[in-house]
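Student: Data file start.cif (mmCIF, C-alpha atoms) is appended below.
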data_coords
#
loop_
_atom_site.group_PDB
_atom_site.id
_atom_site.type_symbol
_atom_site.label_atom_id
_atom_site.label_comp_id
_atom_site.auth_asym_id
_atom_site.auth_seq_id
_atom_site.Cartn_x
_atom_site.Cartn_y
_atom_site.Cartn_z
ATOM 1 C CA MET A 101 92.807 133.163 60.580
ATOM 2 C CA LYS A 102 92.292 130.420 63.145
ATOM 3 C CA ILE A 103 95.439 128.654 64.423
ATOM 4 C CA SER A 104 95.511 125.303 66.174
ATOM 5 C CA ILE A 105 98.474 123.446 67.639
ATOM 6 C CA LYS A 106 98.137 119.675 67.799
ATOM 7 C CA ASN A 107 100.111 116.545 68.640
ATOM 8 C CA SER A 108 101.950 118.153 71.590
ATOM 9 C CA GLY A 109 103.200 121.051 69.451
ATOM 10 C CA LYS A 110 104.392 118.930 66.556
ATOM 11 C CA LYS A 111 101.587 119.963 64.214
ATOM 12 C CA ILE A 112 100.328 123.441 63.369
ATOM 13 C CA CYS A 113 97.191 124.099 61.358
ATOM 14 C CA TRP A 114 95.633 127.294 60.150
ATOM 15 C CA GLU A 115 92.207 127.844 58.708
ATOM 16 C CA ILE A 116 90.957 130.691 56.588
ATOM 17 C CA ASN A 117 87.756 130.782 54.539
ATOM 18 C CA SER A 118 86.981 127.180 55.580
ATOM 19 C CA GLN A 119 90.258 125.921 54.068
ATOM 20 C CA GLN A 120 92.637 124.245 56.511
ATOM 21 C CA THR A 121 96.373 123.892 55.964
ATOM 22 C CA CYS A 122 98.659 121.906 58.280
ATOM 23 C CA LYS A 123 102.387 121.350 58.708
ATOM 24 C CA GLU A 124 103.595 118.431 60.813
ATOM 25 C CA TYR A 125 107.036 117.634 62.218
ATOM 26 C CA LYS A 126 108.785 114.941 64.258
ATOM 27 C CA SER A 127 109.766 117.507 66.915
ATOM 28 C CA THR A 128 107.962 120.438 68.519
ATOM 29 C CA ILE A 129 107.775 123.697 66.558
ATOM 30 C CA MET A 130 109.774 126.525 68.107
ATOM 31 C CA GLY A 131 107.284 129.318 67.451
ATOM 32 C CA TYR A 132 105.058 131.052 64.957
ATOM 33 C CA GLU A 133 103.473 134.396 64.171
ATOM 34 C CA VAL A 134 100.496 135.243 62.010
ATOM 35 C CA LEU A 135 101.524 138.041 59.670
ATOM 36 C CA PRO A 136 99.409 141.223 59.623
ATOM 37 C CA GLU A 137 96.426 141.452 57.301
ATOM 38 C CA ASN A 138 96.366 137.640 57.069
ATOM 39 C CA TYR A 139 99.339 137.862 54.740
ATOM 40 C CA GLY A 140 100.537 134.425 55.809
ATOM 41 C CA ILE A 141 102.280 132.726 58.683
ATOM 42 C CA ILE A 142 105.903 132.406 59.714
ATOM 43 C CA ILE A 143 106.894 129.219 61.491
ATOM 44 C CA LEU A 144 110.092 128.470 63.354
ATOM 45 C CA GLU A 145 110.239 124.824 62.399
ATOM 46 C CA PRO A 146 112.126 122.414 64.685
ATOM 47 C CA TYR A 147 115.796 122.663 63.774
ATOM 48 C CA GLU A 148 116.216 118.994 64.704
ATOM 49 C CA ASP A 149 113.982 118.196 61.723
ATOM 50 C CA VAL A 150 114.983 120.835 59.163
ATOM 51 C CA GLY A 151 118.405 122.199 60.156
ATOM 52 C CA PRO A 152 119.559 125.768 60.792
ATOM 53 C CA ASN A 153 117.366 127.431 58.129
ATOM 54 C CA ASN A 154 114.219 126.825 60.140
ATOM 55 C CA ALA A 155 112.361 130.147 59.727
ATOM 56 C CA ILE A 156 109.807 129.756 56.959
ATOM 57 C CA ILE A 157 107.117 132.100 55.681
ATOM 58 C CA TYR A 158 104.117 130.306 54.203
ATOM 59 C CA ASN A 159 101.345 131.836 52.143
ATOM 60 C CA LEU A 160 97.804 131.285 53.399
ATOM 61 C CA ASP A 161 97.408 128.261 51.117
ATOM 62 C CA GLY A 162 100.494 126.594 52.636
ATOM 63 C CA THR A 163 102.850 127.235 49.732
ATOM 64 C CA LEU A 164 106.358 128.399 50.540
ATOM 65 C CA ARG A 165 106.853 132.158 50.300
ATOM 66 C CA TRP A 166 110.364 132.594 51.770
ATOM 67 C CA LYS A 167 112.834 130.431 53.643
ATOM 68 C CA LEU A 168 114.774 133.018 55.635
ATOM 69 C CA PRO A 169 118.488 132.809 54.907
ATOM 70 C CA TYR A 170 121.555 133.634 56.905
ATOM 71 C CA THR A 171 123.730 136.310 55.318
ATOM 72 C CA LYS A 172 127.431 137.018 54.911
ATOM 73 C CA GLU A 173 126.960 139.734 57.524
ATOM 74 C CA SER A 174 125.382 137.396 60.062
ATOM 75 C CA ASP A 175 127.216 134.129 59.274
ATOM 76 C CA THR A 176 125.403 130.772 59.528
ATOM 77 C CA GLY A 177 123.728 129.979 62.790
ATOM 78 C CA ILE A 178 122.543 127.053 64.827
ATOM 79 C CA CYS A 179 118.915 128.054 64.287
ATOM 80 C CA PHE A 180 116.369 130.842 64.421
ATOM 81 C CA ASP A 181 114.946 130.431 67.904
ATOM 82 C CA ARG A 182 112.664 133.369 68.817
ATOM 83 C CA ILE A 183 110.150 135.440 66.935
ATOM 84 C CA GLY A 184 107.816 138.320 67.647
ATOM 85 C CA PHE A 185 106.698 141.802 66.781
ATOM 86 C CA SER A 186 108.452 144.790 68.343
ATOM 87 C CA ASN A 187 107.127 148.269 67.564
ATOM 88 C CA GLY A 188 105.181 146.778 64.650
ATOM 89 C CA LYS A 189 108.281 145.153 63.129
ATOM 90 C CA LEU A 190 108.726 141.411 62.759
ATOM 91 C CA THR A 191 111.893 140.466 64.614
ATOM 92 C CA ILE A 192 113.550 137.061 64.563
ATOM 93 C CA ILE A 193 116.462 136.103 66.795
ATOM 94 C CA ALA A 194 119.008 133.500 65.698
ATOM 95 C CA ILE A 195 121.752 131.792 67.679
ATOM 96 C CA ILE A 196 125.015 132.382 65.819
ATOM 97 C CA LYS A 197 128.409 131.516 67.319
ATOM 98 C CA ASN A 198 127.182 131.689 70.927
ATOM 99 C CA ARG A 199 125.530 135.069 70.453
ATOM 100 C CA ASP A 200 122.053 136.256 69.581
ATOM 101 C CA VAL A 201 121.610 138.046 66.271
ATOM 102 C CA GLY A 202 118.379 139.856 65.430
ATOM 103 C CA PHE A 203 116.819 140.178 61.998
ATOM 104 C CA ILE A 204 114.128 142.741 61.181
ATOM 105 C CA VAL A 205 112.047 141.082 58.457
ATOM 106 C CA ASP A 206 110.158 142.671 55.564
ATOM 107 C CA TRP A 207 107.846 139.730 54.917
ATOM 108 C CA LYS A 208 106.091 141.335 51.962
ATOM 109 C CA ASN A 209 109.296 141.833 49.954
ATOM 110 C CA CYS A 210 111.210 138.824 51.335
ATOM 111 C CA LYS A 211 114.216 140.736 52.615
ATOM 112 C CA TYR A 212 115.826 141.953 55.813
ATOM 113 C CA LEU A 213 115.493 145.569 56.867
ATOM 114 C CA ASP A 214 118.231 145.289 59.491
ATOM 115 C CA ILE A 215 120.521 142.781 61.177
ATOM 116 C CA PHE A 216 121.852 143.523 64.663
ATOM 117 C CA SER A 217 123.604 141.940 67.610
ATOM 118 C CA SER A 218 121.124 141.517 70.434
ATOM 119 C CA ARG A 219 123.579 140.533 73.164
#
Re-express the file's structure as structure tokens.

Tutor:
Amino acid sequence: MKISIKNSGKKICWEINSQQTCKEYKSTIMGYEVLPENYGIIILEPYEDVGPNNAIIYNLDGTLRWKLPYTKESDTGICFDRIGFSNGKLTIIAIIKNRDVGFIVDWKNCKYLDIFSSR
């Protein structure tokens, strides 16, 4: 998968098998990760544009796979603001009530494996 960031970070495109898919926003995207085995892409969309539920998993063709929710355990946050892989696990950090809360994501089954306080 080939990723390109355009328009000063306000547009992200990915290409696979000569098919390009793009998502464009008014504000700069907050981050992204390509999922293993070209399973798809997760984008931290700008919360100014989409609100607090800004972590979205897209299939390769650009269709929505899962809009990551907040849970009763975590409460609703300001936004998901960091993303990355740690020890092979997709980890997303959200800002919730002036603290960071981590979510370990099972992207294949659209569920959380763990939720933890990270500070």

Student: Which residues come within 9 Å of Glu145 of chain A, counting all atoms listed in the file, excluding same-chain residues fewer than 4 positions away, as JSON, numbers by chain?

Tutor: {"A": [125, 127, 128, 129, 130, 131, 132, 149, 150, 151, 153, 154, 155, 156, 180]}

Student: Could you name the residues that touch segment 200-207 of chain A at 7 Å or less, counting all atoms listed in the file, but leaving out those on the same chain fewer than 4 positions away, as a count of residues only?

Tutor: 17

Student: Would you mind reading off the distance between atom CA of Trp166 of chain A and atom CA of Lys106 of chain A, one decimal, in Å?

Tutor: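 We find that atom CA of Trp166 of chain A and atom CA of Lys106 of chain A lie 23.9 Å from each other.
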
Student: Spell out the residues picked by the PyMOL selection byres ((chain A and resi 161) around 12) here, as JSON, numbers by chain.

Tutor: {"A": [101, 113, 114, 115, 116, 117, 118, 119, 120, 121, 122, 123, 138, 139, 140, 141, 157, 158, 159, 160, 162, 163, 164, 165]}

Student: Quick one: distance from atom CA of Lys102 of chain A to atom CA of Ile142 of chain A in Å, one decimal?

Tutor: 14.2 Å

Student: Which is closest to Asn209 of chain A among A:Leu168, A:Asp175, A:Glu124, A:Ile103, if we use all atoms listed in the file?

Tutor: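 Between A:Leu168, A:Asp175, A:Glu124, A:Ile103, the residue approaching Asn209 of chain A most closely is A:Leu168.
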
Student: Would you mind telling me which residue in A:Ser104, A:Ser174, A:Asn187, A:Asn198 lies nearest to Val134 of chain A when using all atoms listed in the file?

Tutor: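 The shortest atom-to-atom distance to Val134 of chain A comes from A:Ser104.
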
Student: Taking all atoms listed in the file into account, name the residue in A:Ile183, A:Leu144, A:Lys172, A:Gly177 that is nearest to Arg199 of chain A.

Tutor: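 The shortest atom-to-atom distance to Arg199 of chain A comes from A:Gly177.
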
Student: Rank nothing, just name the residue among A:Glu137, A:Arg182, A:Lys197, A:Cys210 nearest to Pro169 of chain A, using all atoms listed in the file.

Tutor: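 So, comparing all the options, the nearest one is A:Cys210.
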
Student: Return the single residue from A:Asp181, A:Ser186, A:Thr171, A:Leu135 that is closest to Glu148 of chain A, with distances computed using all atoms listed in the file.

Tutor: A:Asp181

Student: Could you work out how far atom CA of Pro136 of chain A lies from atom CA of Ser108 of chain A, giving the answer in Å with one decimal?

Tutor: 26.1 Å
